[in-house]
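Enquirer: data-v8.txt is reproduced in full below (compact mmCIF, C-alpha atoms and all ligand atoms).
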```
# COMPACT_ATOMS: atom_id res chain seq x y z
CA MET A 1 0.00 0.00 0.00
CA PHE A 2 1.34 3.42 -0.97
CA LEU A 3 -0.22 5.08 2.07
CA LYS A 4 1.05 4.90 5.65
CA LYS A 5 -0.45 6.06 8.94
CA ASN A 6 -0.38 9.86 9.40
CA ASN A 7 0.90 10.44 5.87
CA LEU A 8 0.62 13.96 4.48
CA VAL A 9 -0.89 14.01 1.01
CA VAL A 10 -0.67 16.85 -1.53
CA ALA A 11 -4.18 17.45 -2.90
CA PRO A 12 -4.98 17.25 -6.59
CA LEU A 13 -5.24 20.91 -7.65
CA ALA A 14 -6.14 21.74 -11.24
CA GLY A 15 -3.74 24.29 -12.68
CA ILE A 16 -1.51 24.13 -9.60
CA SER A 17 -0.35 20.67 -8.51
CA ASP A 18 2.02 20.17 -11.43
CA THR A 19 5.33 18.35 -11.12
CA VAL A 20 7.15 21.50 -9.92
CA PHE A 21 4.66 22.21 -7.12
CA ARG A 22 4.52 18.55 -6.11
CA ARG A 23 8.31 18.19 -5.93
CA MET A 24 8.50 21.34 -3.84
CA CYS A 25 5.93 19.98 -1.38
CA LYS A 26 7.63 16.60 -1.34
CA ARG A 27 10.97 18.15 -0.47
CA MET A 28 9.33 19.95 2.44
CA GLY A 29 7.93 16.73 3.88
CA ALA A 30 4.83 15.67 1.94
CA ASP A 31 4.61 11.88 1.74
CA VAL A 32 2.19 11.24 -1.13
CA VAL A 33 1.25 13.43 -4.09
CA VAL A 34 -1.63 13.39 -6.56
CA SER A 35 -1.70 14.88 -10.06
CA GLU A 36 -4.30 17.42 -10.99
CA MET A 37 -7.40 15.88 -12.53
CA VAL A 38 -6.93 14.39 -15.99
CA SER A 39 -9.82 13.97 -18.41
CA ALA A 40 -10.61 10.40 -19.45
CA ASP A 41 -12.19 11.83 -22.61
CA GLY A 42 -9.04 13.83 -23.32
CA LEU A 43 -6.97 10.64 -23.10
CA HIS A 44 -9.46 8.80 -25.33
CA TYR A 45 -9.13 11.50 -27.99
CA LYS A 46 -5.34 11.34 -27.65
CA SER A 47 -4.91 14.93 -26.49
CA GLU A 48 -1.19 15.49 -25.95
CA ASN A 49 -1.89 18.31 -23.49
CA THR A 50 -4.03 15.95 -21.42
CA ALA A 51 -1.43 13.18 -21.41
CA ALA A 52 1.26 15.71 -20.45
CA LEU A 53 -0.56 16.37 -17.15
CA MET A 54 0.28 12.83 -16.05
CA LYS A 55 4.04 13.08 -16.38
CA PHE A 56 6.04 13.05 -13.19
CA ASP A 57 9.53 12.64 -11.85
CA GLU A 58 10.54 9.39 -10.11
CA SER A 59 11.36 11.43 -6.99
CA GLU A 60 7.65 12.18 -6.60
CA ARG A 61 6.69 8.60 -5.76
CA PRO A 62 4.38 7.49 -4.32
CA ILE A 63 2.19 9.38 -6.76
CA GLY A 64 -1.40 9.00 -7.88
CA VAL A 65 -2.85 10.17 -11.17
CA GLN A 66 -6.39 11.45 -10.79
CA LEU A 67 -8.90 10.80 -13.58
CA PHE A 68 -12.31 12.31 -14.16
CA GLY A 69 -15.14 11.29 -16.44
CA SER A 70 -18.56 9.69 -16.33
CA ASP A 71 -18.42 6.51 -18.37
CA PRO A 72 -17.21 3.23 -16.81
CA GLU A 73 -15.65 1.89 -20.03
CA ARG A 74 -13.96 5.16 -20.83
CA LEU A 75 -12.56 5.44 -17.32
CA ALA A 76 -11.33 1.85 -17.37
CA GLU A 77 -9.63 2.54 -20.69
CA ALA A 78 -8.14 5.77 -19.27
CA ALA A 79 -6.91 3.92 -16.17
CA GLN A 80 -5.27 1.26 -18.34
CA PHE A 81 -3.64 3.88 -20.54
CA THR A 82 -2.45 5.82 -17.48
CA TYR A 83 -0.97 2.69 -15.95
CA GLU A 84 0.88 1.78 -19.12
CA TYR A 85 1.99 5.31 -19.90
CA VAL A 86 3.38 6.53 -16.56
CA LYS A 87 3.06 3.60 -14.11
CA PRO A 88 1.77 5.63 -11.15
CA ASP A 89 1.55 4.06 -7.69
CA PHE A 90 -2.22 4.48 -7.69
CA ILE A 91 -5.04 5.92 -9.75
CA ASP A 92 -7.68 8.15 -8.18
CA LEU A 93 -11.24 8.77 -9.34
CA ASN A 94 -12.45 12.34 -9.02
CA SER A 95 -15.97 12.22 -7.59
CA GLY A 96 -15.85 15.57 -5.89
CA CYS A 97 -15.07 18.36 -8.33
CA PRO A 98 -17.96 20.85 -8.04
CA VAL A 99 -17.14 23.13 -10.98
CA ALA A 100 -19.75 23.58 -13.70
CA LYS A 101 -17.64 22.52 -16.66
CA VAL A 102 -17.01 19.12 -15.02
CA VAL A 103 -20.40 18.40 -13.43
CA LYS A 104 -22.40 19.42 -16.49
CA ARG A 105 -20.69 16.54 -18.30
CA ASN A 106 -21.71 14.27 -15.39
CA GLY A 107 -18.17 13.99 -13.99
CA GLY A 108 -16.68 14.97 -10.62
CA ALA A 109 -19.28 15.57 -7.92
CA ALA A 110 -22.09 14.76 -10.39
CA LEU A 111 -21.25 11.08 -9.82
CA LEU A 112 -22.71 11.58 -6.33
CA LYS A 113 -26.11 11.78 -7.99
CA ASN A 114 -25.81 8.29 -9.39
CA PRO A 115 -24.67 5.57 -6.94
CA VAL A 116 -25.10 2.77 -9.48
CA LEU A 117 -22.95 4.48 -12.08
CA PHE A 118 -20.39 5.40 -9.42
CA GLY A 119 -20.11 1.74 -8.37
CA LYS A 120 -19.72 0.62 -11.97
CA ILE A 121 -16.96 3.13 -12.59
CA VAL A 122 -14.98 2.17 -9.47
CA ASN A 123 -15.41 -1.50 -10.34
CA ALA A 124 -14.32 -1.05 -13.95
CA MET A 125 -11.27 0.99 -12.99
CA ALA A 126 -10.21 -1.35 -10.18
CA ARG A 127 -10.39 -4.33 -12.55
CA ALA A 128 -8.52 -2.52 -15.30
CA VAL A 129 -5.23 -1.94 -13.51
CA PRO A 130 -2.87 -3.82 -11.18
CA VAL A 131 -2.28 -0.74 -8.97
CA PRO A 132 -4.68 0.46 -6.24
CA VAL A 133 -7.63 2.57 -7.34
CA THR A 134 -8.78 5.21 -4.86
CA VAL A 135 -11.70 7.64 -4.85
CA LYS A 136 -12.03 11.25 -3.74
CA ILE A 137 -15.56 12.23 -2.80
CA ARG A 138 -17.46 15.09 -1.27
CA SER A 139 -20.09 14.45 1.40
CA GLY A 140 -23.04 15.01 -0.89
CA TRP A 141 -24.67 17.25 -3.43
CA ASN A 142 -26.72 19.37 -0.99
CA LYS A 143 -25.53 20.69 2.35
CA TYR A 144 -26.71 18.47 5.23
CA GLU A 145 -28.02 15.80 2.83
CA TRP A 146 -24.97 13.66 3.48
CA ILE A 147 -24.63 10.57 1.29
CA ASP A 148 -20.95 9.92 1.90
CA GLU A 149 -21.61 6.73 3.93
CA GLU A 150 -23.48 5.14 1.02
CA PHE A 151 -20.79 6.15 -1.46
CA ALA A 152 -17.94 5.05 0.80
CA ARG A 153 -19.56 1.61 1.12
CA ILE A 154 -20.07 1.38 -2.64
CA ALA A 155 -16.47 2.40 -3.27
CA GLU A 156 -15.13 -0.20 -0.84
CA GLY A 157 -17.46 -2.88 -2.19
CA ASN A 158 -16.26 -2.27 -5.72
CA GLY A 159 -12.58 -2.50 -5.00
CA ALA A 160 -11.44 0.98 -3.96
CA ALA A 161 -8.22 0.82 -1.93
CA ALA A 162 -8.71 4.10 -0.06
CA ILE A 163 -11.14 7.00 0.16
CA THR A 164 -10.42 10.70 0.41
CA LEU A 165 -13.31 12.65 1.89
CA HIS A 166 -13.67 16.40 1.45
CA PRO A 167 -16.70 16.91 3.66
CA ARG A 168 -18.45 19.73 1.89
CA SER A 169 -21.39 19.43 -0.49
CA GLN A 170 -21.17 20.24 -4.20
CA THR A 171 -23.40 23.27 -3.64
CA MET A 172 -21.01 24.63 -1.02
CA MET A 173 -18.20 24.72 -3.58
CA PHE A 174 -15.38 26.01 -1.31
CA THR A 175 -17.51 28.14 1.04
CA GLY A 176 -18.32 27.60 4.71
CA HIS A 177 -16.36 24.95 6.55
CA SER A 178 -15.61 21.26 6.10
CA PHE A 179 -17.77 19.01 8.28
CA TRP A 180 -14.94 16.96 9.81
CA GLU A 181 -17.41 14.87 11.79
CA ARG A 182 -18.29 13.24 8.44
CA ILE A 183 -14.69 12.02 8.17
CA ALA A 184 -15.10 10.31 11.55
CA VAL A 185 -18.31 8.68 10.31
CA ILE A 186 -16.66 7.37 7.15
CA LYS A 187 -13.67 6.08 9.11
CA LYS A 188 -16.15 3.95 11.11
CA THR A 189 -18.05 2.93 7.96
CA VAL A 190 -15.27 1.31 5.93
CA ASN A 191 -12.22 -0.83 6.55
CA ILE A 192 -10.04 0.75 3.88
CA PRO A 193 -7.85 3.78 4.72
CA VAL A 194 -9.58 7.16 4.89
CA ILE A 195 -7.76 10.35 3.94
CA GLY A 196 -9.26 13.44 5.57
CA ASN A 197 -9.31 16.63 3.55
CA GLY A 198 -10.58 20.15 3.99
CA ASP A 199 -9.44 23.27 5.80
CA VAL A 200 -6.18 21.94 7.23
CA VAL A 201 -4.13 25.13 7.44
CA SER A 202 -1.49 24.46 10.10
CA ALA A 203 0.16 21.79 12.23
CA GLU A 204 -2.47 22.43 14.86
CA SER A 205 -5.39 21.81 12.50
CA ALA A 206 -3.70 18.72 10.99
CA LEU A 207 -3.23 17.14 14.40
CA LYS A 208 -6.78 18.11 15.33
CA MET A 209 -8.19 16.43 12.21
CA LEU A 210 -6.20 13.25 12.90
CA SER A 211 -7.28 13.04 16.53
CA GLU A 212 -10.90 14.15 16.10
CA THR A 213 -11.71 11.97 13.09
CA GLY A 214 -9.35 9.01 13.41
CA CYS A 215 -8.49 9.39 9.71
CA ASP A 216 -5.41 7.58 8.45
CA ALA A 217 -3.84 10.45 6.55
CA VAL A 218 -4.38 14.14 5.89
CA MET A 219 -4.63 15.81 2.48
CA ILE A 220 -3.69 19.45 2.12
CA GLY A 221 -4.58 21.74 -0.75
CA ARG A 222 -5.00 25.49 -0.52
CA ALA A 223 -2.84 25.97 2.56
CA ALA A 224 0.16 24.83 0.50
CA PHE A 225 -0.28 27.64 -2.06
CA GLY A 226 2.91 29.63 -1.66
CA ASN A 227 3.57 27.70 1.54
CA PRO A 228 5.10 24.28 0.85
CA TRP A 229 6.64 24.59 4.32
CA ILE A 230 3.29 23.61 5.81
CA PHE A 231 4.37 19.99 5.30
CA ALA A 232 7.58 20.57 7.30
CA GLU A 233 5.56 22.28 10.02
CA ILE A 234 3.11 19.38 10.33
CA LYS A 235 5.87 16.75 10.09
CA ALA A 236 7.71 18.44 12.96
CA ALA A 237 4.56 18.49 15.10
CA LEU A 238 3.83 14.82 14.34
CA GLY A 239 7.36 13.93 15.47
CA GLY A 240 7.10 16.15 18.57
CA ASN A 241 9.87 18.39 17.19
CA ASP A 242 10.21 22.17 17.14
CA TYR A 243 9.59 23.89 13.84
CA THR A 244 11.48 26.92 12.57
CA PRO A 245 9.67 28.79 9.79
CA PRO A 246 11.74 29.63 6.69
CA SER A 247 13.90 32.74 6.78
CA ASN A 248 13.20 35.43 4.20
CA GLN A 249 16.36 34.34 2.38
CA GLU A 250 15.02 30.78 2.13
CA ARG A 251 11.63 32.05 1.06
CA LYS A 252 13.24 34.10 -1.70
CA GLU A 253 15.42 31.21 -2.91
CA THR A 254 12.38 28.93 -3.00
CA ILE A 255 10.30 31.37 -5.07
CA LEU A 256 13.16 31.87 -7.53
CA GLU A 257 13.66 28.12 -7.77
CA HIS A 258 9.94 27.66 -8.39
CA ILE A 259 9.91 30.28 -11.18
CA ARG A 260 12.98 28.78 -12.88
CA ALA A 261 11.71 25.21 -12.65
CA TYR A 262 8.33 26.33 -13.95
CA ARG A 263 9.94 28.05 -16.93
CA GLN A 264 12.05 24.99 -17.67
CA THR A 265 9.08 22.63 -17.44
CA HIS A 266 6.31 24.64 -19.10
CA GLY A 267 8.11 27.24 -21.21
CA GLU A 268 8.34 31.01 -20.82
CA LYS A 269 4.83 31.98 -21.96
CA TYR A 270 3.07 29.73 -19.48
CA ALA A 271 5.54 30.52 -16.69
CA ALA A 272 5.16 34.30 -17.15
CA GLY A 273 1.39 34.00 -16.78
CA GLU A 274 1.00 31.33 -14.12
CA MET A 275 3.91 32.29 -11.90
CA LYS A 276 2.25 35.64 -11.15
CA LYS A 277 -0.32 34.09 -8.86
CA CYS A 278 2.27 31.70 -7.36
CA ALA A 279 4.79 34.45 -6.58
CA ALA A 280 2.02 36.58 -5.07
CA TRP A 281 0.98 33.68 -2.81
CA TYR A 282 4.52 33.22 -1.53
CA ILE A 283 4.87 36.83 -0.36
CA LYS A 284 1.34 37.22 1.04
CA GLY A 285 1.34 38.66 4.53
CA ILE A 286 4.89 40.03 4.40
CA PRO A 287 4.98 43.85 4.88
CA GLY A 288 5.16 45.54 1.47
CA ALA A 289 3.62 42.57 -0.34
CA ASN A 290 0.72 44.57 -1.79
CA ALA A 291 2.97 46.93 -3.75
CA ALA A 292 5.17 44.02 -4.86
CA ARG A 293 2.11 42.08 -6.01
CA CYS A 294 1.11 44.95 -8.30
CA LYS A 295 4.60 44.91 -9.83
CA ILE A 296 4.45 41.11 -10.22
CA PHE A 297 1.15 41.34 -12.10
CA ALA A 298 2.54 44.10 -14.33
CA ALA A 299 5.67 42.06 -15.18
CA GLY A 300 6.04 41.07 -18.82
CA SER A 301 8.21 37.98 -18.35
CA SER A 302 9.14 35.40 -15.74
CA VAL A 303 12.60 36.97 -15.50
CA GLU A 304 10.94 40.28 -14.63
CA ILE A 305 8.96 38.49 -11.89
CA GLU A 306 12.29 37.17 -10.57
CA GLY A 307 13.57 40.77 -10.51
CA VAL A 308 10.57 41.97 -8.50
CA VAL A 309 11.06 39.12 -6.02
CA GLU A 310 14.79 39.93 -5.68
CA ASP A 311 14.01 43.61 -5.06
CA PHE A 312 11.24 42.82 -2.60
CA PHE A 313 13.41 40.61 -0.44
CA GLY A 314 16.41 42.92 -0.92
CA ASN A 315 14.50 45.52 1.07
CA ILE A 316 13.74 43.17 3.96
CA THR A 317 16.10 42.17 6.74
CA ASP A 318 15.42 38.92 8.61
C1 LIG A 401 -7.66 25.70 -7.47
C2 LIG A 401 -8.18 24.35 -7.03
C3 LIG A 401 -8.08 23.28 -7.89
C4 LIG A 401 -8.57 22.01 -7.50
N1 LIG A 401 -8.45 20.96 -8.35
C5 LIG A 401 -8.87 19.72 -7.95
C6 LIG A 401 -8.69 18.58 -8.78
O1 LIG A 401 -8.12 18.66 -9.88
N2 LIG A 401 -9.16 17.38 -8.31
C7 LIG A 401 -9.77 17.26 -7.09
O2 LIG A 401 -10.17 16.16 -6.71
N3 LIG A 401 -9.92 18.32 -6.28
C8 LIG A 401 -9.48 19.53 -6.68
N4 LIG A 401 -9.58 20.58 -5.82
C9 LIG A 401 -10.07 20.36 -4.45
C10 LIG A 401 -8.89 20.08 -3.51
O3 LIG A 401 -8.21 18.91 -3.89
C11 LIG A 401 -9.35 19.94 -2.06
O4 LIG A 401 -10.29 18.90 -1.98
C12 LIG A 401 -9.99 21.21 -1.52
O5 LIG A 401 -9.24 22.36 -1.89
C13 LIG A 401 -10.15 21.15 0.01
O6 LIG A 401 -8.90 20.99 0.64
P1 LIG A 401 -8.12 22.25 1.31
O7 LIG A 401 -9.06 22.90 2.28
O8 LIG A 401 -6.91 21.66 1.94
O9 LIG A 401 -7.80 23.19 0.18
C14 LIG A 401 -9.16 21.85 -6.22
C15 LIG A 401 -9.24 22.95 -5.35
C16 LIG A 401 -8.76 24.19 -5.74
C17 LIG A 401 -8.85 25.34 -4.79
```
Starting from the file, lay out its structure as structure tokens.
Ligand SMILES: Cc1cc2nc3c(=O)[nH]c(=O)nc-3n(C[C@H](O)[C@H](O)[C@H](O)COP(=O)(O)O)c2cc1C
Expert:
Amino acid sequence: MFLKKNNLVVAPLAGISDTVFRRMCKRMGADVVVSEMVSADGLHYKSENTAALMKFDESERPIGVQLFGSDPERLAEAAQFTYEYVKPDFIDLNSGCPVAKVVKRNGGAALLKNPVLFGKIVNAMARAVPVPVTVKIRSGWNKYEWIDEEFARIAEGNGAAAITLHPRSQTMMFTGHSFWERIAVIKKTVNIPVIGNGDVVSAESALKMLSETGCDAVMIGRAAFGNPWIFAEIKAALGGNDYTPPSNQERKETILEHIRAYRQTHGEKYAAGEMKKCAAWYIKGIPGANAARCKIFAAGSSVEIEGVVEDFFGNITD
């Protein structure tokens, strides 16, 4: 099994959890990483851009590739292709994405409207590949109409090796708070490992989720934006060790490394656009960040973003 007790898992994050981000998190202490969601239809139609999302570096293992779609045969075919193409340690089914462009094609959280189809998909995927198939679900479509127990049972009964629960409803999108008590319920419902997800923002909240819900592992998404050190912070707390936050020098070096690796991996055009939000995340909360953020967004190239970052940290003493 790729997952161990108290593992820290990097969440699948469309447009963010690429190989550069994942390697950064891994280096800071993350144990398991998951690719952003990959379209089973895109793989079927041989989209090179879709297939490129699955590529990873050996240092990222154990890694899961997450697939989304709505047709059991197509997802089984996609799982098989994924296994043969990149040999991930596991394959995850996205049954939680709430965004319109995914649910209107019956994928992501829309699967929570159809337990029979969901079971068929998990079954077809689990039979298609020799690696574990996992599922990531939300707690339901409507707030307080929780159907996660039913779906967790179906997933387990059809061969899922682990379940990630993000205990919000589809209609909540990312608003309100995660209902962690649902994670505790699911942990009691199934015998396979349960990964808790939602609103872990610090070592304190990670430890709280583990102790309050009994979940086997914790998945972290948004709190790692511009803060891959969150994994080091939680790891230290789990081991009973002190944690020293990164110095400004380390923060600067990490941002520059991220920009350069991004440029190398995705090319200048993509890096210049996408690294704006990333660089802004990294400096959030540091005095002077607002003015620097404006300069970052006005930058015309990734090298210019590097210059703004250098200047910003040049004016700060630790
Ligand atoms: C920008 C963004 C992209 C996301 N992309 C995916 C995705 O591709 N697959 C998925 O299962 N969940 C996706 N999620 C949901 C996260 O994996 C996670 O479940 C959610 O953010 C809650 O965890 P957190 O509170 O630690 O962020 C995404 C969330 C965000 C904010």
Enquirer: Counting only C-alpha atoms and all ligand atoms, name the residues that have an atom within 6 Å of an atom of ligand LIG 401 (chain A); the answer should be given as a list in words.
Expert: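 Using only C-alpha atoms and all ligand atoms, everything at most 6 Å from ligand LIG 401 (chain A) comes to Ala11, Pro12, Leu13, Ala14, Glu36, Met37, Asn94, Gly96, Cys97, His166, Asn197, Gly198, Asp199, Val200, Ile220, Gly221, Arg222 and Ala223 of chain A.
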Enquirer: For the residues in that selection, give me C-alpha atoms as a PDB file, in the frame of the given file.
Expert:
```pdb
ATOM      1  CA  ALA A  11      -4.180  17.450  -2.900  1.00  0.00           C
ATOM      2  CA  PRO A  12      -4.980  17.250  -6.590  1.00  0.00           C
ATOM      3  CA  LEU A  13      -5.240  20.910  -7.650  1.00  0.00           C
ATOM      4  CA  ALA A  14      -6.140  21.740 -11.240  1.00  0.00           C
ATOM      5  CA  GLU A  36      -4.300  17.420 -10.990  1.00  0.00           C
ATOM      6  CA  MET A  37      -7.400  15.880 -12.530  1.00  0.00           C
ATOM      7  CA  ASN A  94     -12.450  12.340  -9.020  1.00  0.00           C
ATOM      8  CA  GLY A  96     -15.850  15.570  -5.890  1.00  0.00           C
ATOM      9  CA  CYS A  97     -15.070  18.360  -8.330  1.00  0.00           C
ATOM     10  CA  HIS A 166     -13.670  16.400   1.450  1.00  0.00           C
ATOM     11  CA  ASN A 197      -9.310  16.630   3.550  1.00  0.00           C
ATOM     12  CA  GLY A 198     -10.580  20.150   3.990  1.00  0.00           C
ATOM     13  CA  ASP A 199      -9.440  23.270   5.800  1.00  0.00           C
ATOM     14  CA  VAL A 200      -6.180  21.940   7.230  1.00  0.00           C
ATOM     15  CA  ILE A 220      -3.690  19.450   2.120  1.00  0.00           C
ATOM     16  CA  GLY A 221      -4.580  21.740  -0.750  1.00  0.00           C
ATOM     17  CA  ARG A 222      -5.000  25.490  -0.520  1.00  0.00           C
ATOM     18  CA  ALA A 223      -2.840  25.970   2.560  1.00  0.00           C
TER      19      ALA A 223
END
```
Enquirer: For the atom pair CA of Ala126 (chain A) and CA of Trp141 (chain A), what is the interatomic distance in Å to one decimal place?
Expert: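 Atom-to-atom, CA of Ala126 (chain A) to CA of Trp141 (chain A), that is 24.5 Å.
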Enquirer: Skip region 297-303 of chain A itself and residues of its chain fewer than 5 positions away, then list as a PyMOL selection string all residues within 10 Å of it, counting only C-alpha atoms.
Expert: chain A and resi 256+259-260+262-263+267-277+279-280+292+308-309
Enquirer: May I ask which of the residues A:Val103, A:Lys55, A:Val218, A:Asn123 is the closest one to Gln170 (chain A), counting only C-alpha atoms?
Expert: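 Nearest candidate to Gln170 (chain A) out of A:Val103, A:Lys55, A:Val218, A:Asn123: A:Val103.
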Enquirer: Find the spatial neighbours of Ile121 (chain A), counting all atoms listed in the file, within a cut-off of 7 Å - ignore same-chain residues fewer than 4 positions away - and output them as a ChimeraX atom specification.
Expert: /A:71-72,75,117,125
Enquirer: Could you check the closest approach to Gln249 (chain A) for each of A:Asn315, A:Thr171, A:Ser205, A:Ser211 and tell me which residue wins, using only C-alpha atoms?
Expert: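 Among the listed residues, A:Asn315 lies closest to Gln249 (chain A).
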Enquirer: Would you work out the distance separating CA of Pro132 (chain A) from CA of Phe90 (chain A), expressed in Å to one decimal?
Expert: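 Separating CA of Pro132 (chain A) from CA of Phe90 (chain A) is a distance of 4.9 Å.
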Enquirer: Interatomic distance between CA of Ala162 (chain A) and CA of Lys235 (chain A)?
Expert: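 For CA of Ala162 (chain A) relative to CA of Lys235 (chain A), the distance reads 21.8 Å.
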Enquirer: So that all listed atoms of region 169-172 of chain A fit with 3 Å spare on each side, what axis-aligned box centre and edge lengths in Å, to one decimal, would you give as lines of an AutoDock Vina configuration file?
Expert:
```
center_x = -22.2
center_y = 22.0
center_z = -2.3
size_x = 8.4
size_y = 11.2
size_z = 9.7
```
Enquirer: For Ile195 (chain A), find every residue with an atom within 7 Å (counting only C-alpha atoms), except residues of its own chain fewer than 3 positions away, and show them as a ChimeraX atom specification.
Expert: /A:163-165,215-219
Enquirer: With only C-alpha atoms as the basis for distance, which of A:Asn227, A:Thr50, A:Gln80, A:Thr265 is at the shortest distance from Met24 (chain A)?
Expert: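 Nearest candidate to Met24 (chain A) out of A:Asn227, A:Thr50, A:Gln80, A:Thr265: A:Asn227.
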Enquirer: Have a look at A:Val185, A:Val9, A:Ala232, A:Ala40 and name the one nearest to Gly214 (chain A); count only C-alpha atoms.
Expert: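 The shortest atom-to-atom distance to Gly214 (chain A) comes from A:Val185.
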Enquirer: Kindly indicate which residue among A:Asp92, A:Glu212, A:Glu250, A:Asp311 lies nearest to Gln66 (chain A), using all atoms listed in the file for the distances.
Expert: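 Among the listed residues, the smallest separation from Gln66 (chain A) belongs to A:Asp92.
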Enquirer: With all atoms listed in the file as the basis for distance, which of A:Val65, A:Ile255, A:Ile186, A:Val99 is at the shortest distance from Phe174 (chain A)?
Expert: A:Val99
Enquirer: Name all residues at most 12 Å from Pro130 (chain A) (count all atoms listed in the file; drop same-chain ones fewer than 5 positions away) and give them as a PyMOL selection string.
Expert: chain A and resi 76+79-80+82-84+87-91+125+159+161
